[in-house]
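As structure tokens, the structure follows; a few thoughts come after it.
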Amino acid sequence: AQSVTQPDIHITVSEGASLELRCNYSYGATPYLFWYVQSPGQGLQLLLKYFSGDTLVQGIKGFEAEFKRSQSSFNLRKPSVHWSDAAEYFCAVGAGNSGYALNFGKGTSLLVTP
Amino acid sequence: KAGVTQTPRYLIKTRGQQVTLSCSPISGHRSVSWYQQTPGQGLQFLFEYFSETQRNKGNFPGRFSGRQFSNSRSEMNVSTLELGDSALYLCASSLRGDNTEAFFGQGTRLTVV
């Protein structure tokens, strides 16, 4: 069965510092991988996605993620964090077949300090 | 282009009652999925509809049901509400429902008292 693990429940970074949020997945084939962001009281916004091809994917708001098959990881990175990046971040895996069903990690809450 | 619209945004219901939530997908999108988000369980898949047919269902009791209309709008219904049903219910819209890209609504916050 698919599973997604986000090892860090909370992360605090200083504004301007770099960020890496970890995501590990368990899936038999090459999964479809996603990162979403959720601000308080809001829905989910897609940051980036990986289906195949180049393992380094660029997303919106300056985020990128790297797919590493050998480590079953899809970590999210940003070189310089802004205060507006404070939010909840979710990694998700999809099966790639019909009948849309994403399996989400528990999320990582990002706090940005001045 | 309008996004995914969920109504109502907030609901308070009493245990034992039933509730219906609505989701209007992005124009042209034929797939609508529903998710439940709680602090304890996180985001869990409820079901997915495509062209009025349920194609996939998560591990939820039969009290949770849904449907999709010919205009792709979807409703989900929860009967005999329990306190544990208090959650944020999110709807996601996609063109084909093949995991390429989904757009989420802002959700309906359901509180059961």
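Every chain in the structure tokens takes a letter, A first, then B, and so on in the order presented; its residues are numbered from 1, and the ligands are numbered from 1 following the presented order.
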Checklist line | Residue neighbourhood B:Ser79, 10 Å, only C-alpha atoms, exclusion window fewer than 6 positions, as a ChimeraX atom specification | finding: /B:15-20,62-65
Check: So which bits of stretch 18-109 of chain B end up strand (DSSP E) when you DSSP the backbone, as a VMD selection string?
Finding: chain B and resid 19 to 24 31 to 38 42 to 50 53 to 57 64 to 68 74 to 78 87 to 94 103 to 104 108 to 109
Checklist line | For stretch 3-15 of chain A: contacts at 8 Å, only C-alpha atoms, fewer than 3 positions along chain excluded, given as number ranges by chain | finding: A: 18-19, 21-27, 80-83, 91-93, 103-114
Next, dump the selected residues to file, keeping only N, CA, C and O atoms, as an mmCIF file, in the first residue's frame.
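Now in out-v6.cif:
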data_model
loop_
_atom_site.group_PDB
_atom_site.id
_atom_site.type_symbol
_atom_site.label_atom_id
_atom_site.label_comp_id
_atom_site.auth_asym_id
_atom_site.auth_seq_id
_atom_site.Cartn_x
_atom_site.Cartn_y
_atom_site.Cartn_z
ATOM 1 N N SER A 18 17.798 29.044 4.214
ATOM 2 C CA SER A 18 17.327 28.021 3.285
ATOM 3 C C SER A 18 16.409 27.046 4.011
ATOM 4 O O SER A 18 16.417 26.939 5.243
ATOM 5 N N LEU A 19 15.635 26.335 3.220
ATOM 6 C CA LEU A 19 14.625 25.421 3.782
ATOM 7 C C LEU A 19 14.670 24.090 3.054
ATOM 8 O O LEU A 19 14.821 24.039 1.824
ATOM 9 N N LEU A 21 12.237 20.538 3.396
ATOM 10 C CA LEU A 21 11.205 19.732 4.038
ATOM 11 C C LEU A 21 11.285 18.321 3.467
ATOM 12 O O LEU A 21 11.292 18.139 2.253
ATOM 13 N N ARG A 22 11.295 17.353 4.360
ATOM 14 C CA ARG A 22 11.515 15.974 3.948
ATOM 15 C C ARG A 22 10.214 15.220 3.685
ATOM 16 O O ARG A 22 9.210 15.445 4.367
ATOM 17 N N CYS A 23 10.289 14.352 2.708
ATOM 18 C CA CYS A 23 9.154 13.503 2.357
ATOM 19 C C CYS A 23 9.682 12.162 1.875
ATOM 20 O O CYS A 23 10.508 12.099 0.962
ATOM 21 N N ASN A 24 9.209 11.092 2.488
ATOM 22 C CA ASN A 24 9.541 9.743 2.035
ATOM 23 C C ASN A 24 8.256 9.012 1.685
ATOM 24 O O ASN A 24 7.244 9.186 2.354
ATOM 25 N N TYR A 25 8.304 8.222 0.647
ATOM 26 C CA TYR A 25 7.113 7.529 0.206
ATOM 27 C C TYR A 25 7.395 6.035 0.079
ATOM 28 O O TYR A 25 8.535 5.598 -0.040
ATOM 29 N N SER A 26 6.325 5.297 0.106
ATOM 30 C CA SER A 26 6.413 3.865 -0.110
ATOM 31 C C SER A 26 5.408 3.509 -1.189
ATOM 32 O O SER A 26 4.203 3.719 -1.010
ATOM 33 N N TYR A 27 5.926 3.032 -2.312
ATOM 34 C CA TYR A 27 5.043 2.694 -3.420
ATOM 35 C C TYR A 27 5.778 1.771 -4.359
ATOM 36 O O TYR A 27 6.970 1.927 -4.573
ATOM 37 N N SER A 80 15.816 30.661 -0.044
ATOM 38 C CA SER A 80 15.683 31.789 0.866
ATOM 39 C C SER A 80 14.213 31.949 1.238
ATOM 40 O O SER A 80 13.377 32.288 0.399
ATOM 41 N N VAL A 81 13.924 31.721 2.499
ATOM 42 C CA VAL A 81 12.532 31.708 2.955
ATOM 43 C C VAL A 81 12.048 33.113 3.274
ATOM 44 O O VAL A 81 12.778 33.937 3.848
ATOM 45 N N HIS A 82 10.809 33.373 2.918
ATOM 46 C CA HIS A 82 10.157 34.652 3.211
ATOM 47 C C HIS A 82 9.129 34.431 4.299
ATOM 48 O O HIS A 82 8.587 33.325 4.452
ATOM 49 N N TRP A 83 8.811 35.483 5.059
ATOM 50 C CA TRP A 83 7.848 35.330 6.154
ATOM 51 C C TRP A 83 6.510 34.789 5.646
ATOM 52 O O TRP A 83 5.805 34.061 6.346
ATOM 53 N N CYS A 91 3.112 16.684 1.562
ATOM 54 C CA CYS A 91 3.592 15.857 0.473
ATOM 55 C C CYS A 91 2.505 14.823 0.170
ATOM 56 O O CYS A 91 1.833 14.337 1.087
ATOM 57 N N ALA A 92 2.315 14.509 -1.100
ATOM 58 C CA ALA A 92 1.267 13.552 -1.458
ATOM 59 C C ALA A 92 1.739 12.660 -2.595
ATOM 60 O O ALA A 92 2.552 13.057 -3.424
ATOM 61 N N VAL A 93 1.207 11.464 -2.614
ATOM 62 C CA VAL A 93 1.516 10.516 -3.686
ATOM 63 C C VAL A 93 0.224 10.046 -4.319
ATOM 64 O O VAL A 93 -0.776 9.828 -3.638
ATOM 65 N N ASN A 103 -2.718 10.213 -1.563
ATOM 66 C CA ASN A 103 -2.365 9.786 -0.217
ATOM 67 C C ASN A 103 -1.419 10.847 0.354
ATOM 68 O O ASN A 103 -0.320 11.037 -0.166
ATOM 69 N N PHE A 104 -1.867 11.530 1.405
ATOM 70 C CA PHE A 104 -1.110 12.652 1.942
ATOM 71 C C PHE A 104 -0.269 12.248 3.148
ATOM 72 O O PHE A 104 -0.664 11.382 3.941
ATOM 73 N N GLY A 105 0.858 12.936 3.308
ATOM 74 C CA GLY A 105 1.586 12.861 4.562
ATOM 75 C C GLY A 105 0.863 13.683 5.617
ATOM 76 O O GLY A 105 -0.120 14.368 5.320
ATOM 77 N N LYS A 106 1.349 13.614 6.851
ATOM 78 C CA LYS A 106 0.684 14.310 7.964
ATOM 79 C C LYS A 106 0.954 15.798 7.961
ATOM 80 O O LYS A 106 0.321 16.550 8.707
ATOM 81 N N GLY A 107 1.903 16.222 7.146
ATOM 82 C CA GLY A 107 2.169 17.644 7.038
ATOM 83 C C GLY A 107 3.317 18.114 7.910
ATOM 84 O O GLY A 107 3.640 17.506 8.941
ATOM 85 N N THR A 108 3.947 19.205 7.472
ATOM 86 C CA THR A 108 4.989 19.874 8.238
ATOM 87 C C THR A 108 4.593 21.327 8.380
ATOM 88 O O THR A 108 4.313 22.003 7.380
ATOM 89 N N SER A 109 4.554 21.785 9.616
ATOM 90 C CA SER A 109 4.193 23.162 9.889
ATOM 91 C C SER A 109 5.466 24.011 9.904
ATOM 92 O O SER A 109 6.392 23.738 10.670
ATOM 93 N N LEU A 110 5.505 25.021 9.054
ATOM 94 C CA LEU A 110 6.677 25.878 8.938
ATOM 95 C C LEU A 110 6.443 27.204 9.638
ATOM 96 O O LEU A 110 5.478 27.912 9.339
ATOM 97 N N LEU A 111 7.330 27.529 10.549
ATOM 98 C CA LEU A 111 7.314 28.824 11.226
ATOM 99 C C LEU A 111 8.536 29.600 10.765
ATOM 100 O O LEU A 111 9.641 29.061 10.742
ATOM 101 N N VAL A 112 8.340 30.843 10.385
ATOM 102 C CA VAL A 112 9.428 31.691 9.930
ATOM 103 C C VAL A 112 9.632 32.813 10.942
ATOM 104 O O VAL A 112 8.694 33.573 11.227
ATOM 105 N N THR A 113 10.839 32.921 11.471
ATOM 106 C CA THR A 113 11.142 33.957 12.464
ATOM 107 C C THR A 113 11.895 35.112 11.817
ATOM 108 O O THR A 113 12.611 34.918 10.838
ATOM 109 N N PRO A 114 11.747 36.304 12.366
ATOM 110 C CA PRO A 114 12.415 37.484 11.786
ATOM 111 C C PRO A 114 13.932 37.388 11.879
ATOM 112 O O PRO A 114 14.461 36.746 12.782
#
What are the nearest atom pairs, with distances in Å to one decimal, for all residues of chain B that come at most 10 Å from chain A, using only C-alpha atoms, set out by chain and rising residue number as JSON lines?
{"residue": "B:Val4", "atom": "CA", "partner": "A:Gly43", "partner_atom": "CA", "distance": 9.8}
{"residue": "B:Arg9", "atom": "CA", "partner": "A:Gly41", "partner_atom": "CA", "distance": 10.0}
{"residue": "B:Ser31", "atom": "CA", "partner": "A:Tyr100", "partner_atom": "CA", "distance": 7.8}
{"residue": "B:Val32", "atom": "CA", "partner": "A:Tyr100", "partner_atom": "CA", "distance": 8.2}
{"residue": "B:Ser33", "atom": "CA", "partner": "A:Tyr100", "partner_atom": "CA", "distance": 6.7}
{"residue": "B:Trp34", "atom": "CA", "partner": "A:Ala101", "partner_atom": "CA", "distance": 9.0}
{"residue": "B:Tyr35", "atom": "CA", "partner": "A:Ala101", "partner_atom": "CA", "distance": 9.1}
{"residue": "B:Pro39", "atom": "CA", "partner": "A:Lys106", "partner_atom": "CA", "distance": 8.9}
{"residue": "B:Gly40", "atom": "CA", "partner": "A:Lys106", "partner_atom": "CA", "distance": 8.9}
{"residue": "B:Gln41", "atom": "CA", "partner": "A:Lys106", "partner_atom": "CA", "distance": 7.7}
{"residue": "B:Gly42", "atom": "CA", "partner": "A:Lys106", "partner_atom": "CA", "distance": 5.4}
{"residue": "B:Leu43", "atom": "CA", "partner": "A:Phe104", "partner_atom": "CA", "distance": 6.1}
{"residue": "B:Gln44", "atom": "CA", "partner": "A:Asn103", "partner_atom": "CA", "distance": 7.2}
{"residue": "B:Phe45", "atom": "CA", "partner": "A:Ala101", "partner_atom": "CA", "distance": 6.2}
{"residue": "B:Leu46", "atom": "CA", "partner": "A:Ala101", "partner_atom": "CA", "distance": 8.5}
{"residue": "B:Phe47", "atom": "CA", "partner": "A:Ala101", "partner_atom": "CA", "distance": 7.6}
{"residue": "B:Glu48", "atom": "CA", "partner": "A:Gly99", "partner_atom": "CA", "distance": 6.0}
{"residue": "B:Tyr49", "atom": "CA", "partner": "A:Gly99", "partner_atom": "CA", "distance": 7.4}
{"residue": "B:Phe50", "atom": "CA", "partner": "A:Gly99", "partner_atom": "CA", "distance": 7.7}
{"residue": "B:Thr53", "atom": "CA", "partner": "A:Gly99", "partner_atom": "CA", "distance": 10.0}
{"residue": "B:Gln54", "atom": "CA", "partner": "A:Gly99", "partner_atom": "CA", "distance": 8.2}
{"residue": "B:Arg55", "atom": "CA", "partner": "A:Gly99", "partner_atom": "CA", "distance": 5.1}
{"residue": "B:Asn56", "atom": "CA", "partner": "A:Gly99", "partner_atom": "CA", "distance": 5.2}
{"residue": "B:Lys57", "atom": "CA", "partner": "A:Ala101", "partner_atom": "CA", "distance": 8.4}
{"residue": "B:Gly58", "atom": "CA", "partner": "A:Ala101", "partner_atom": "CA", "distance": 8.2}
{"residue": "B:Leu88", "atom": "CA", "partner": "A:Gly41", "partner_atom": "CA", "distance": 9.0}
{"residue": "B:Tyr89", "atom": "CA", "partner": "A:Gly43", "partner_atom": "CA", "distance": 9.4}
{"residue": "B:Leu90", "atom": "CA", "partner": "A:Gly43", "partner_atom": "CA", "distance": 7.0}
{"residue": "B:Cys91", "atom": "CA", "partner": "A:Gly43", "partner_atom": "CA", "distance": 8.8}
{"residue": "B:Ala92", "atom": "CA", "partner": "A:Leu44", "partner_atom": "CA", "distance": 9.0}
{"residue": "B:Ser93", "atom": "CA", "partner": "A:Tyr100", "partner_atom": "CA", "distance": 9.5}
{"residue": "B:Ser94", "atom": "CA", "partner": "A:Tyr100", "partner_atom": "CA", "distance": 8.5}
{"residue": "B:Arg96", "atom": "CA", "partner": "A:Ser98", "partner_atom": "CA", "distance": 8.0}
{"residue": "B:Gly97", "atom": "CA", "partner": "A:Tyr100", "partner_atom": "CA", "distance": 4.9}
{"residue": "B:Asp98", "atom": "CA", "partner": "A:Ser98", "partner_atom": "CA", "distance": 4.6}
{"residue": "B:Asn99", "atom": "CA", "partner": "A:Tyr100", "partner_atom": "CA", "distance": 5.6}
{"residue": "B:Thr100", "atom": "CA", "partner": "A:Gly96", "partner_atom": "CA", "distance": 7.9}
{"residue": "B:Glu101", "atom": "CA", "partner": "A:Lys49", "partner_atom": "CA", "distance": 8.1}
{"residue": "B:Ala102", "atom": "CA", "partner": "A:Leu46", "partner_atom": "CA", "distance": 7.8}
{"residue": "B:Phe103", "atom": "CA", "partner": "A:Gln45", "partner_atom": "CA", "distance": 7.1}
{"residue": "B:Phe104", "atom": "CA", "partner": "A:Leu44", "partner_atom": "CA", "distance": 5.6}
{"residue": "B:Gly105", "atom": "CA", "partner": "A:Gly43", "partner_atom": "CA", "distance": 5.4}
{"residue": "B:Gln106", "atom": "CA", "partner": "A:Gly43", "partner_atom": "CA", "distance": 3.9}
{"residue": "B:Gly107", "atom": "CA", "partner": "A:Gly43", "partner_atom": "CA", "distance": 5.9}
{"residue": "B:Thr108", "atom": "CA", "partner": "A:Gly43", "partner_atom": "CA", "distance": 9.5}
{"residue": "B:Arg109", "atom": "CA", "partner": "A:Gly41", "partner_atom": "CA", "distance": 8.8}
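In terms of minimum interatomic distance to B:Leu110, B:Pro8 ranks closest within B:Pro61, B:Pro8, B:Gly66, B:Pro25, counting only C-alpha atoms.
Put simply, atom CA of A:Arg77 is 11.6 Å away from atom CA of A:Ile60.
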Checklist line | Atomic distance atom CA of B:Ser27 - atom CA of B:Ala2, expressed in Å with one decimal | finding: 7.5 Å
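Here atom CA of A:Ala17 stands at a distance of 18.7 Å from atom CA of A:Val37.
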